[in-house]
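J.: Structure file coords_17.cif (mmCIF, C-alpha atoms) right here:
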data_coords
loop_
_atom_site.group_PDB
_atom_site.id
_atom_site.type_symbol
_atom_site.label_atom_id
_atom_site.label_comp_id
_atom_site.auth_asym_id
_atom_site.auth_seq_id
_atom_site.Cartn_x
_atom_site.Cartn_y
_atom_site.Cartn_z
ATOM 1 C CA MET A 1178 24.530 -7.775 -8.491
ATOM 2 C CA GLU A 1179 24.428 -8.109 -12.244
ATOM 3 C CA LEU A 1180 20.773 -8.955 -12.330
ATOM 4 C CA LYS A 1181 19.308 -6.713 -14.965
ATOM 5 C CA SER A 1182 15.623 -6.228 -14.537
ATOM 6 C CA GLY A 1183 12.850 -3.743 -15.098
ATOM 7 C CA ILE A 1184 12.994 -2.754 -11.443
ATOM 8 C CA PRO A 1185 15.748 -0.312 -10.485
ATOM 9 C CA VAL A 1186 17.786 -2.050 -7.799
ATOM 10 C CA GLU A 1187 18.485 0.015 -4.741
ATOM 11 C CA ARG A 1188 21.999 -0.333 -3.371
ATOM 12 C CA THR A 1189 21.878 1.930 -0.338
ATOM 13 C CA LEU A 1190 19.505 2.458 2.554
ATOM 14 C CA LYS A 1191 19.392 6.211 1.965
ATOM 15 C CA PRO A 1192 16.183 6.384 -0.132
ATOM 16 C CA TYR A 1193 14.310 4.129 2.304
ATOM 17 C CA LEU A 1194 15.329 6.273 5.268
ATOM 18 C CA ILE A 1195 14.436 9.531 3.473
ATOM 19 C CA GLY A 1196 11.120 7.923 2.503
ATOM 20 C CA LEU A 1197 10.466 6.808 6.088
ATOM 21 C CA VAL A 1198 11.146 10.268 7.567
ATOM 22 C CA LEU A 1199 8.992 12.035 4.944
ATOM 23 C CA ALA A 1200 6.193 9.467 5.331
ATOM 24 C CA VAL A 1201 6.213 9.810 9.134
ATOM 25 C CA VAL A 1202 5.917 13.612 8.861
ATOM 26 C CA LEU A 1203 3.214 13.383 6.161
ATOM 27 C CA THR A 1204 1.276 10.885 8.309
ATOM 28 C CA ALA A 1205 1.719 12.672 11.641
ATOM 29 C CA ILE A 1206 0.304 15.985 10.362
ATOM 30 C CA PRO A 1207 -3.144 14.655 9.235
ATOM 31 C CA PHE A 1208 -3.480 12.382 12.303
ATOM 32 C CA GLY A 1209 -2.565 15.354 14.524
ATOM 33 C CA LEU A 1210 -5.141 17.508 12.731
ATOM 34 C CA VAL A 1211 -7.878 14.986 13.468
ATOM 35 C CA ALA A 1212 -6.730 14.410 17.067
ATOM 36 C CA THR A 1213 -6.610 18.129 17.947
ATOM 37 C CA GLY A 1214 -9.380 19.425 15.668
ATOM 38 C CA ALA A 1215 -7.163 22.458 15.033
ATOM 39 C CA LEU A 1216 -8.705 23.332 11.660
ATOM 40 C CA PRO A 1217 -12.321 23.692 10.546
ATOM 41 C CA ARG A 1218 -13.673 20.490 8.922
ATOM 42 C CA GLU A 1219 -13.539 21.616 5.260
ATOM 43 C CA THR A 1220 -9.992 22.997 5.522
ATOM 44 C CA ALA A 1221 -8.813 19.880 7.351
ATOM 45 C CA LEU A 1222 -10.258 17.621 4.611
ATOM 46 C CA VAL A 1223 -8.395 19.579 1.921
ATOM 47 C CA VAL A 1224 -5.135 19.393 3.897
ATOM 48 C CA ILE A 1225 -5.576 15.614 4.463
ATOM 49 C CA ALA A 1226 -6.206 15.033 0.729
ATOM 50 C CA ALA A 1227 -3.235 17.184 -0.317
ATOM 51 C CA LEU A 1228 -0.854 15.473 2.116
ATOM 52 C CA ALA A 1229 -2.085 12.034 0.948
ATOM 53 C CA LEU A 1230 -1.242 12.953 -2.656
ATOM 54 C CA VAL A 1231 2.232 14.114 -1.605
ATOM 55 C CA GLN A 1232 2.743 10.926 0.420
ATOM 56 C CA ILE A 1233 1.762 8.754 -2.571
ATOM 57 C CA LEU A 1234 4.452 10.518 -4.600
ATOM 58 C CA VAL A 1235 6.976 10.049 -1.755
ATOM 59 C CA HIS A 1236 6.216 6.307 -1.614
ATOM 60 C CA LEU A 1237 6.468 5.965 -5.410
ATOM 61 C CA ARG A 1238 9.800 7.787 -5.450
ATOM 62 C CA PHE A 1239 11.580 6.434 -2.359
ATOM 63 C CA PHE A 1240 10.044 2.962 -1.835
ATOM 64 C CA LEU A 1241 9.105 1.893 -5.379
ATOM 65 C CA HIS A 1242 12.035 3.853 -6.875
ATOM 66 C CA ILE A 1243 10.004 5.350 -9.700
ATOM 67 C CA ASP A 1244 12.338 7.700 -11.489
ATOM 68 C CA LEU A 1245 11.487 9.536 -14.707
ATOM 69 C CA LYS A 1246 14.995 8.779 -16.030
ATOM 70 C CA THR A 1247 15.794 5.206 -14.937
ATOM 71 C CA THR A 1248 12.378 3.514 -14.749
ATOM 72 C CA PRO A 1249 11.578 1.752 -18.054
ATOM 73 C CA ARG A 1250 9.353 3.876 -20.216
ATOM 74 C CA GLU A 1251 6.580 1.264 -20.571
ATOM 75 C CA ASN A 1252 6.273 1.075 -16.752
ATOM 76 C CA LEU A 1253 5.824 4.845 -16.603
ATOM 77 C CA VAL A 1254 3.251 4.751 -19.396
ATOM 78 C CA ALA A 1255 1.296 2.023 -17.549
ATOM 79 C CA LEU A 1256 1.436 4.094 -14.354
ATOM 80 C CA ALA A 1257 0.223 7.230 -16.127
ATOM 81 C CA PHE A 1258 -2.560 5.271 -17.844
ATOM 82 C CA ALA A 1259 -3.705 3.808 -14.513
ATOM 83 C CA ALA A 1260 -3.677 7.301 -12.983
ATOM 84 C CA VAL A 1261 -5.874 8.641 -15.815
ATOM 85 C CA LEU A 1262 -8.267 5.668 -15.498
ATOM 86 C CA ILE A 1263 -8.530 6.157 -11.732
ATOM 87 C CA CYS A 1264 -9.261 9.891 -12.110
ATOM 88 C CA ILE A 1265 -11.981 9.228 -14.693
ATOM 89 C CA MET A 1266 -13.606 6.383 -12.737
ATOM 90 C CA VAL A 1267 -13.474 7.903 -9.248
ATOM 91 C CA GLY A 1268 -14.190 11.464 -10.404
ATOM 92 C CA GLY A 1269 -16.930 10.328 -12.784
ATOM 93 C CA SER A 1270 -18.635 8.036 -10.248
ATOM 94 C CA LEU A 1271 -18.662 10.718 -7.552
ATOM 95 C CA TRP A 1272 -19.918 13.360 -9.987
ATOM 96 C CA ILE A 1273 -22.790 11.176 -11.192
ATOM 97 C CA MET A 1274 -23.813 9.837 -7.781
ATOM 98 C CA PHE A 1275 -23.727 13.155 -5.905
ATOM 99 C CA ASP A 1276 -25.452 14.977 -8.761
ATOM 100 C CA LEU A 1277 -28.180 12.318 -8.635
ATOM 101 C CA TYR A 1278 -28.362 12.663 -4.852
ATOM 102 C CA HIS A 1279 -28.888 16.436 -5.037
ATOM 103 C CA ARG A 1280 -31.498 16.138 -7.780
ATOM 104 C CA MET A 1281 -33.487 13.609 -5.772
ATOM 105 C CA MET A 1282 -33.306 15.730 -2.604
ATOM 106 C CA VAL A 1283 -34.815 18.803 -4.278
ATOM 107 C CA MET B 345 31.027 -13.057 -3.027
ATOM 108 C CA SER B 346 29.745 -16.380 -4.286
ATOM 109 C CA SER B 347 26.145 -15.222 -3.964
ATOM 110 C CA ALA B 348 26.763 -12.209 -6.211
ATOM 111 C CA ALA B 349 28.364 -14.485 -8.800
ATOM 112 C CA ALA B 350 25.306 -16.741 -8.652
ATOM 113 C CA MET B 351 23.171 -13.764 -9.591
ATOM 114 C CA THR B 352 24.998 -12.981 -12.835
ATOM 115 C CA VAL B 353 22.594 -13.871 -15.614
ATOM 116 C CA SER B 354 22.793 -14.170 -19.379
ATOM 117 C CA PRO B 355 21.232 -11.406 -21.526
ATOM 118 C CA ARG B 356 18.446 -13.827 -22.511
ATOM 119 C CA GLU B 357 17.586 -14.538 -18.897
ATOM 120 C CA ALA B 358 17.798 -10.829 -18.074
ATOM 121 C CA LYS B 359 15.245 -10.179 -20.804
ATOM 122 C CA ARG B 360 12.931 -12.766 -19.259
ATOM 123 C CA TYR B 361 13.160 -11.157 -15.821
ATOM 124 C CA GLU B 362 12.485 -7.765 -17.367
ATOM 125 C CA GLU B 363 9.334 -9.126 -19.011
ATOM 126 C CA LYS B 364 8.188 -10.677 -15.726
ATOM 127 C CA ASP B 365 8.730 -7.401 -13.904
ATOM 128 C CA PHE B 366 6.722 -5.520 -16.501
ATOM 129 C CA GLY B 367 3.909 -8.081 -16.335
ATOM 130 C CA PHE B 368 3.827 -7.775 -12.562
ATOM 131 C CA TRP B 369 3.798 -3.985 -12.832
ATOM 132 C CA LEU B 370 0.754 -4.218 -15.136
ATOM 133 C CA TYR B 371 -0.959 -6.432 -12.531
ATOM 134 C CA LEU B 372 -0.253 -3.832 -9.817
ATOM 135 C CA MET B 373 -1.685 -1.038 -11.961
ATOM 136 C CA SER B 374 -4.875 -3.032 -12.631
ATOM 137 C CA ASP B 375 -5.094 -3.779 -8.910
ATOM 138 C CA ALA B 376 -4.859 -0.035 -8.262
ATOM 139 C CA VAL B 377 -7.840 0.446 -10.594
ATOM 140 C CA ILE B 378 -9.831 -2.176 -8.608
ATOM 141 C CA PHE B 379 -9.048 -0.346 -5.369
ATOM 142 C CA ALA B 380 -10.054 2.956 -6.994
ATOM 143 C CA CYS B 381 -13.502 1.475 -7.747
ATOM 144 C CA LEU B 382 -13.828 0.323 -4.124
ATOM 145 C CA PHE B 383 -12.815 3.821 -2.931
ATOM 146 C CA ALA B 384 -15.430 5.422 -5.186
ATOM 147 C CA THR B 385 -18.059 3.000 -3.810
ATOM 148 C CA TYR B 386 -17.038 3.816 -0.230
ATOM 149 C CA LEU B 387 -17.210 7.584 -0.818
ATOM 150 C CA VAL B 388 -20.722 7.240 -2.258
ATOM 151 C CA MET B 389 -21.878 4.958 0.598
ATOM 152 C CA ALA B 390 -20.057 6.562 3.550
ATOM 153 C CA GLY B 391 -23.013 8.744 4.519
ATOM 154 C CA ASN B 392 -25.558 5.903 4.401
ATOM 155 C CA ALA B 393 -25.425 4.593 7.969
ATOM 156 C CA ALA B 394 -29.126 3.588 7.805
ATOM 157 C CA GLY B 395 -29.696 4.768 11.373
ATOM 158 C CA GLY B 396 -26.932 2.428 12.571
ATOM 159 C CA PRO B 397 -23.377 3.173 13.707
ATOM 160 C CA THR B 398 -21.608 6.056 11.946
ATOM 161 C CA PRO B 399 -17.850 6.194 11.199
ATOM 162 C CA LYS B 400 -17.316 8.151 14.444
ATOM 163 C CA ASP B 401 -18.888 5.313 16.473
ATOM 164 C CA VAL B 402 -16.808 2.472 15.056
ATOM 165 C CA PHE B 403 -13.383 3.942 14.136
ATOM 166 C CA SER B 404 -10.521 4.463 16.560
ATOM 167 C CA LEU B 405 -7.804 7.001 15.799
ATOM 168 C CA GLU B 406 -5.273 5.179 18.005
ATOM 169 C CA ARG B 407 -5.811 1.838 16.267
ATOM 170 C CA ALA B 408 -5.654 3.430 12.798
ATOM 171 C CA ALA B 409 -2.382 5.139 13.813
ATOM 172 C CA ALA B 410 -0.944 1.852 15.123
ATOM 173 C CA GLU B 411 -1.915 0.014 11.913
ATOM 174 C CA THR B 412 -0.352 2.817 9.847
ATOM 175 C CA ALA B 413 2.876 2.695 11.880
ATOM 176 C CA LEU B 414 3.195 -1.107 11.527
ATOM 177 C CA LEU B 415 2.672 -1.032 7.767
ATOM 178 C CA LEU B 416 5.025 1.903 7.186
ATOM 179 C CA LEU B 417 7.760 0.303 9.312
ATOM 180 C CA SER B 418 7.319 -3.001 7.469
ATOM 181 C CA SER B 419 7.831 -1.169 4.157
ATOM 182 C CA THR B 420 11.112 0.208 5.493
ATOM 183 C CA THR B 421 12.295 -3.131 6.864
ATOM 184 C CA PHE B 422 11.538 -4.720 3.481
ATOM 185 C CA GLY B 423 13.746 -2.003 1.977
ATOM 186 C CA ILE B 424 16.582 -3.060 4.298
ATOM 187 C CA ALA B 425 16.079 -6.674 3.132
ATOM 188 C CA ALA B 426 16.282 -5.479 -0.512
ATOM 189 C CA VAL B 427 19.534 -3.610 0.176
ATOM 190 C CA SER B 428 20.939 -6.710 1.937
ATOM 191 C CA LEU B 429 19.940 -8.716 -1.131
ATOM 192 C CA TRP B 430 22.047 -6.441 -3.296
ATOM 193 C CA ALA B 431 24.956 -6.845 -0.894
ATOM 194 C CA GLY B 432 24.542 -10.640 -1.153
ATOM 195 C CA ASP B 433 24.112 -11.005 2.624
ATOM 196 C CA ARG B 434 21.836 -14.010 2.990
ATOM 197 C CA SER B 435 21.420 -14.038 6.780
ATOM 198 C CA LYS B 436 20.558 -10.329 6.802
ATOM 199 C CA VAL B 437 17.966 -10.869 4.053
ATOM 200 C CA LEU B 438 16.410 -13.634 6.159
ATOM 201 C CA LEU B 439 16.472 -11.508 9.319
ATOM 202 C CA TRP B 440 14.814 -8.443 7.752
ATOM 203 C CA LEU B 441 12.249 -10.546 5.862
ATOM 204 C CA ALA B 442 11.325 -12.157 9.189
ATOM 205 C CA ILE B 443 10.973 -8.714 10.847
ATOM 206 C CA THR B 444 8.806 -7.543 7.922
ATOM 207 C CA LEU B 445 6.679 -10.676 8.360
ATOM 208 C CA LEU B 446 6.174 -9.939 12.081
ATOM 209 C CA LEU B 447 5.214 -6.295 11.453
ATOM 210 C CA GLY B 448 2.771 -7.340 8.739
ATOM 211 C CA ALA B 449 1.303 -10.021 11.003
ATOM 212 C CA GLY B 450 0.879 -7.370 13.717
ATOM 213 C CA PHE B 451 -1.068 -5.233 11.241
ATOM 214 C CA ILE B 452 -3.350 -8.153 10.341
ATOM 215 C CA ALA B 453 -3.860 -8.998 14.043
ATOM 216 C CA LEU B 454 -4.948 -5.402 14.762
ATOM 217 C CA GLU B 455 -7.273 -5.373 11.758
ATOM 218 C CA PHE B 456 -8.735 -8.746 12.693
ATOM 219 C CA GLY B 457 -9.440 -7.436 16.201
ATOM 220 C CA GLU B 458 -11.049 -4.319 14.718
ATOM 221 C CA PHE B 459 -13.304 -6.316 12.371
ATOM 222 C CA SER B 460 -14.376 -8.945 14.928
ATOM 223 C CA GLY B 461 -15.014 -6.213 17.532
ATOM 224 C CA MET B 462 -17.220 -4.313 15.077
ATOM 225 C CA ILE B 463 -19.162 -7.443 14.097
ATOM 226 C CA ALA B 464 -19.657 -8.345 17.784
ATOM 227 C CA GLU B 465 -21.098 -4.859 18.410
ATOM 228 C CA GLY B 466 -23.623 -5.364 15.619
ATOM 229 C CA ALA B 467 -21.645 -3.170 13.189
ATOM 230 C CA GLY B 468 -21.032 -5.957 10.667
ATOM 231 C CA PRO B 469 -21.053 -5.606 6.876
ATOM 232 C CA ASP B 470 -24.792 -6.405 6.756
ATOM 233 C CA ARG B 471 -25.774 -3.425 8.962
ATOM 234 C CA SER B 472 -25.688 -0.561 6.424
ATOM 235 C CA GLY B 473 -24.376 0.621 3.068
ATOM 236 C CA PHE B 474 -21.564 2.431 4.860
ATOM 237 C CA LEU B 475 -20.440 -0.743 6.655
ATOM 238 C CA SER B 476 -20.757 -2.958 3.543
ATOM 239 C CA ALA B 477 -18.514 -0.567 1.630
ATOM 240 C CA PHE B 478 -16.093 -0.258 4.566
ATOM 241 C CA PHE B 479 -15.650 -4.018 5.012
ATOM 242 C CA THR B 480 -15.283 -4.559 1.260
ATOM 243 C CA LEU B 481 -12.622 -1.875 0.829
ATOM 244 C CA VAL B 482 -10.548 -2.417 3.994
ATOM 245 C CA GLY B 483 -11.106 -6.198 3.852
ATOM 246 C CA THR B 484 -9.768 -6.363 0.287
ATOM 247 C CA HIS B 485 -6.643 -4.519 1.416
ATOM 248 C CA GLY B 486 -6.308 -6.864 4.418
ATOM 249 C CA LEU B 487 -6.662 -9.859 2.107
ATOM 250 C CA HIS B 488 -3.842 -8.505 -0.069
ATOM 251 C CA VAL B 489 -1.627 -8.027 2.999
ATOM 252 C CA SER B 490 -2.408 -11.618 4.094
ATOM 253 C CA VAL B 491 -1.394 -12.924 0.665
ATOM 254 C CA GLY B 492 1.764 -10.793 0.972
ATOM 255 C CA LEU B 493 2.525 -12.461 4.318
ATOM 256 C CA VAL B 494 2.233 -15.923 2.745
ATOM 257 C CA TRP B 495 4.495 -14.752 -0.100
ATOM 258 C CA ILE B 496 7.096 -13.432 2.401
ATOM 259 C CA LEU B 497 6.976 -16.798 4.191
ATOM 260 C CA VAL B 498 7.506 -18.645 0.888
ATOM 261 C CA MET B 499 10.429 -16.355 0.001
ATOM 262 C CA ILE B 500 12.033 -16.887 3.435
ATOM 263 C CA GLY B 501 11.846 -20.608 2.653
ATOM 264 C CA GLN B 502 13.350 -20.115 -0.814
ATOM 265 C CA VAL B 503 16.201 -17.901 0.424
ATOM 266 C CA PHE B 504 16.852 -20.488 3.132
ATOM 267 C CA ALA B 505 16.752 -23.497 0.791
ATOM 268 C CA LYS B 506 18.091 -22.115 -2.502
ATOM 269 C CA GLY B 507 20.176 -19.123 -1.443
ATOM 270 C CA LEU B 508 20.257 -15.773 -3.237
ATOM 271 C CA THR B 509 20.041 -17.115 -6.795
ATOM 272 C CA ALA B 510 18.903 -14.952 -9.702
ATOM 273 C CA PRO B 511 15.319 -16.346 -9.803
ATOM 274 C CA VAL B 512 14.955 -15.892 -6.025
ATOM 275 C CA ALA B 513 16.308 -12.331 -6.206
ATOM 276 C CA SER B 514 13.937 -11.526 -9.059
ATOM 277 C CA ARG B 515 10.948 -12.839 -7.075
ATOM 278 C CA LEU B 516 12.026 -10.869 -4.005
ATOM 279 C CA MET B 517 12.104 -7.656 -6.036
ATOM 280 C CA ARG B 518 8.529 -8.255 -7.253
ATOM 281 C CA LEU B 519 7.426 -9.070 -3.703
ATOM 282 C CA GLY B 520 8.923 -5.698 -2.722
ATOM 283 C CA LEU B 521 6.849 -3.921 -5.371
ATOM 284 C CA PHE B 522 3.723 -5.675 -4.057
ATOM 285 C CA TRP B 523 4.474 -4.823 -0.424
ATOM 286 C CA HIS B 524 5.256 -1.129 -1.056
ATOM 287 C CA PHE B 525 2.167 -0.891 -3.298
ATOM 288 C CA LEU B 526 -0.046 -2.105 -0.420
ATOM 289 C CA ASP B 527 1.431 0.612 1.780
ATOM 290 C CA ILE B 528 0.359 3.235 -0.788
ATOM 291 C CA ILE B 529 -3.191 1.816 -0.767
ATOM 292 C CA TRP B 530 -3.168 2.071 3.035
ATOM 293 C CA VAL B 531 -2.165 5.765 2.839
ATOM 294 C CA VAL B 532 -5.297 6.354 0.760
ATOM 295 C CA ILE B 533 -7.404 4.243 3.163
ATOM 296 C CA PHE B 534 -6.483 6.260 6.254
ATOM 297 C CA SER B 535 -6.845 9.535 4.327
ATOM 298 C CA VAL B 536 -10.231 8.638 2.816
ATOM 299 C CA VAL B 537 -11.810 6.296 5.380
ATOM 300 C CA TYR B 538 -10.453 6.750 8.925
ATOM 301 C CA LEU B 539 -9.411 10.416 9.156
ATOM 302 C CA PRO B 540 -12.482 11.999 7.458
ATOM 303 C CA GLY B 541 -14.687 9.549 9.394
ATOM 304 C CA LEU B 542 -13.271 10.714 12.721
ATOM 305 C CA LEU B 543 -13.064 14.413 11.828
#
In structure tokens, write the structure found in this file.
T.:
Amino acid sequence: MELKSGIPVERTLKPYLIGLVLAVVLTAIPFGLVATGALPRETALVVIAALALVQILVHLRFFLHIDLKTTPRENLVALAFAAVLICIMVGGSLWIMFDLYHRMMV
Amino acid sequence: MSSAAAMTVSPREAKRYEEKDFGFWLYLMSDAVIFACLFATYLVMAGNAAGGPTPKDVFSLERAAAETALLLLSSTTFGIAAVSLWAGDRSKVLLWLAITLLLGAGFIALEFGEFSGMIAEGAGPDRSGFLSAFFTLVGTHGLHVSVGLVWILVMIGQVFAKGLTAPVASRLMRLGLFWHFLDIIWVVIFSVVYLPGLL
């Protein structure tokens, strides 16, 4: 296929299968944690959050084929900008709202 | 490989597709920001059950796992369709798009059952802050998946009627971005909404 486009074209099934196996493992662990209650609540929440972050990266790499070398630079810049925006908005909202909550409880 | 020959495009056309892909990527990133706002709202509201049902009362681990499995599998089957597209195999593209459509429809059916069951039990979006935020966040994702299903249906029609031409291939690649993106949002939904709610 000669179609040149901003999206890297995947020619083999390999990345999808690697992505599927990794995603299944990264999904099974947090679901198993909740089903068995093996860890204390706080630890389990940290593990769930960490595995979700890893799984997002797995999906970006193996399903969306984001690659620091082949993906067009402007796409990467847009992705990084969105990530910064999301951190500021989610982090900032939670900080403000829970700070307010604690102040009103005292 | 007549289909592969049909997909050879001039540099000018290639430039146009590249611009479309970038535009679509910008849309996806802004959509991610919208979802981030809905996640922040949910996290703030999750504890406000207003004396009504709490996450533990209304969520089911089995159903969340089934929804996750359907969506993840549909992402993989879309990948197989994309690889078949590169190989220029029209009937395989149609087959795997149809399988992706069925898996996605299964996801929507499960979610529809979940929502209507909750509303019937009196745990609708008007019950508490927690439920308003839940229905807004998960409903917005479900709406996106529904639009994706319509798009898959349209692309099945286009592949059927027009074959694997360059414009069709270009649209299929953007549909793939959209579909895989929704799977990422779902990963965050089960990690932020369902699992902590049931823990």
J.: Any chance you could resolve the PyMOL selection byres ((chain B) within 8 of (chain A)) against this file and give the residues as a PDB file with C-alpha atoms, keeping the file's coordinate frame?
T.:
ATOM      1  CA  ALA B 348      26.763 -12.209  -6.211  1.00  0.00           C
ATOM      2  CA  ALA B 349      28.364 -14.485  -8.800  1.00  0.00           C
ATOM      3  CA  MET B 351      23.171 -13.764  -9.591  1.00  0.00           C
ATOM      4  CA  THR B 352      24.998 -12.981 -12.835  1.00  0.00           C
ATOM      5  CA  VAL B 353      22.594 -13.871 -15.614  1.00  0.00           C
ATOM      6  CA  ALA B 358      17.798 -10.829 -18.074  1.00  0.00           C
ATOM      7  CA  LYS B 359      15.245 -10.179 -20.804  1.00  0.00           C
ATOM      8  CA  TYR B 361      13.160 -11.157 -15.821  1.00  0.00           C
ATOM      9  CA  GLU B 362      12.485  -7.765 -17.367  1.00  0.00           C
ATOM     10  CA  GLU B 363       9.334  -9.126 -19.011  1.00  0.00           C
ATOM     11  CA  ASP B 365       8.730  -7.401 -13.904  1.00  0.00           C
ATOM     12  CA  PHE B 366       6.722  -5.520 -16.501  1.00  0.00           C
ATOM     13  CA  TRP B 369       3.798  -3.985 -12.832  1.00  0.00           C
ATOM     14  CA  LEU B 370       0.754  -4.218 -15.136  1.00  0.00           C
ATOM     15  CA  MET B 373      -1.685  -1.038 -11.961  1.00  0.00           C
ATOM     16  CA  SER B 374      -4.875  -3.032 -12.631  1.00  0.00           C
ATOM     17  CA  ALA B 376      -4.859  -0.035  -8.262  1.00  0.00           C
ATOM     18  CA  VAL B 377      -7.840   0.446 -10.594  1.00  0.00           C
ATOM     19  CA  ALA B 380     -10.054   2.956  -6.994  1.00  0.00           C
ATOM     20  CA  CYS B 381     -13.502   1.475  -7.747  1.00  0.00           C
ATOM     21  CA  PHE B 383     -12.815   3.821  -2.931  1.00  0.00           C
ATOM     22  CA  ALA B 384     -15.430   5.422  -5.186  1.00  0.00           C
ATOM     23  CA  LEU B 387     -17.210   7.584  -0.818  1.00  0.00           C
ATOM     24  CA  VAL B 388     -20.722   7.240  -2.258  1.00  0.00           C
ATOM     25  CA  LEU B 405      -7.804   7.001  15.799  1.00  0.00           C
ATOM     26  CA  ALA B 409      -2.382   5.139  13.813  1.00  0.00           C
ATOM     27  CA  LEU B 416       5.025   1.903   7.186  1.00  0.00           C
ATOM     28  CA  LEU B 417       7.760   0.303   9.312  1.00  0.00           C
ATOM     29  CA  SER B 419       7.831  -1.169   4.157  1.00  0.00           C
ATOM     30  CA  THR B 420      11.112   0.208   5.493  1.00  0.00           C
ATOM     31  CA  GLY B 423      13.746  -2.003   1.977  1.00  0.00           C
ATOM     32  CA  ILE B 424      16.582  -3.060   4.298  1.00  0.00           C
ATOM     33  CA  ALA B 426      16.282  -5.479  -0.512  1.00  0.00           C
ATOM     34  CA  VAL B 427      19.534  -3.610   0.176  1.00  0.00           C
ATOM     35  CA  TRP B 430      22.047  -6.441  -3.296  1.00  0.00           C
ATOM     36  CA  ALA B 431      24.956  -6.845  -0.894  1.00  0.00           C
ATOM     37  CA  GLY B 432      24.542 -10.640  -1.153  1.00  0.00           C
ATOM     38  CA  ALA B 510      18.903 -14.952  -9.702  1.00  0.00           C
ATOM     39  CA  SER B 514      13.937 -11.526  -9.059  1.00  0.00           C
ATOM     40  CA  MET B 517      12.104  -7.656  -6.036  1.00  0.00           C
ATOM     41  CA  LEU B 521       6.849  -3.921  -5.371  1.00  0.00           C
ATOM     42  CA  HIS B 524       5.256  -1.129  -1.056  1.00  0.00           C
ATOM     43  CA  PHE B 525       2.167  -0.891  -3.298  1.00  0.00           C
ATOM     44  CA  ILE B 528       0.359   3.235  -0.788  1.00  0.00           C
ATOM     45  CA  VAL B 531      -2.165   5.765   2.839  1.00  0.00           C
ATOM     46  CA  VAL B 532      -5.297   6.354   0.760  1.00  0.00           C
ATOM     47  CA  SER B 535      -6.845   9.535   4.327  1.00  0.00           C
ATOM     48  CA  VAL B 536     -10.231   8.638   2.816  1.00  0.00           C
ATOM     49  CA  LEU B 539      -9.411  10.416   9.156  1.00  0.00           C
ATOM     50  CA  PRO B 540     -12.482  11.999   7.458  1.00  0.00           C
ATOM     51  CA  LEU B 542     -13.271  10.714  12.721  1.00  0.00           C
ATOM     52  CA  LEU B 543     -13.064  14.413  11.828  1.00  0.00           C
TER      53      LEU B 543
END
J.: Between atom CA of B:Ala464 and atom CA of B:Trp530, measure the distance and give it in Å to one decimal.
T.: 24.5 Å
J.: Which value, in Å to one decimal, gives the distance between atom CA of B:Tyr538 and atom CA of B:Asp375?
T.: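 Atom-to-atom, atom CA of B:Tyr538 and atom CA of B:Asp375 are spaced 21.4 Å apart.
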J.: Let me make sure I understand: among B:Leu526, B:Leu497, B:Ala410, B:Val437, which one has the smallest atom-to-atom distance to B:Val482 if we use all atoms listed in the file?
T.: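 Checking each of B:Leu526, B:Leu497, B:Ala410, B:Val437 against B:Val482, counting all atoms listed in the file, the winner is B:Leu526.
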J.: Quick check, in Å to one decimal: how far apart do atom CA of B:Trp523 and atom CA of B:Val491 lie?
T.: 10.1 Å
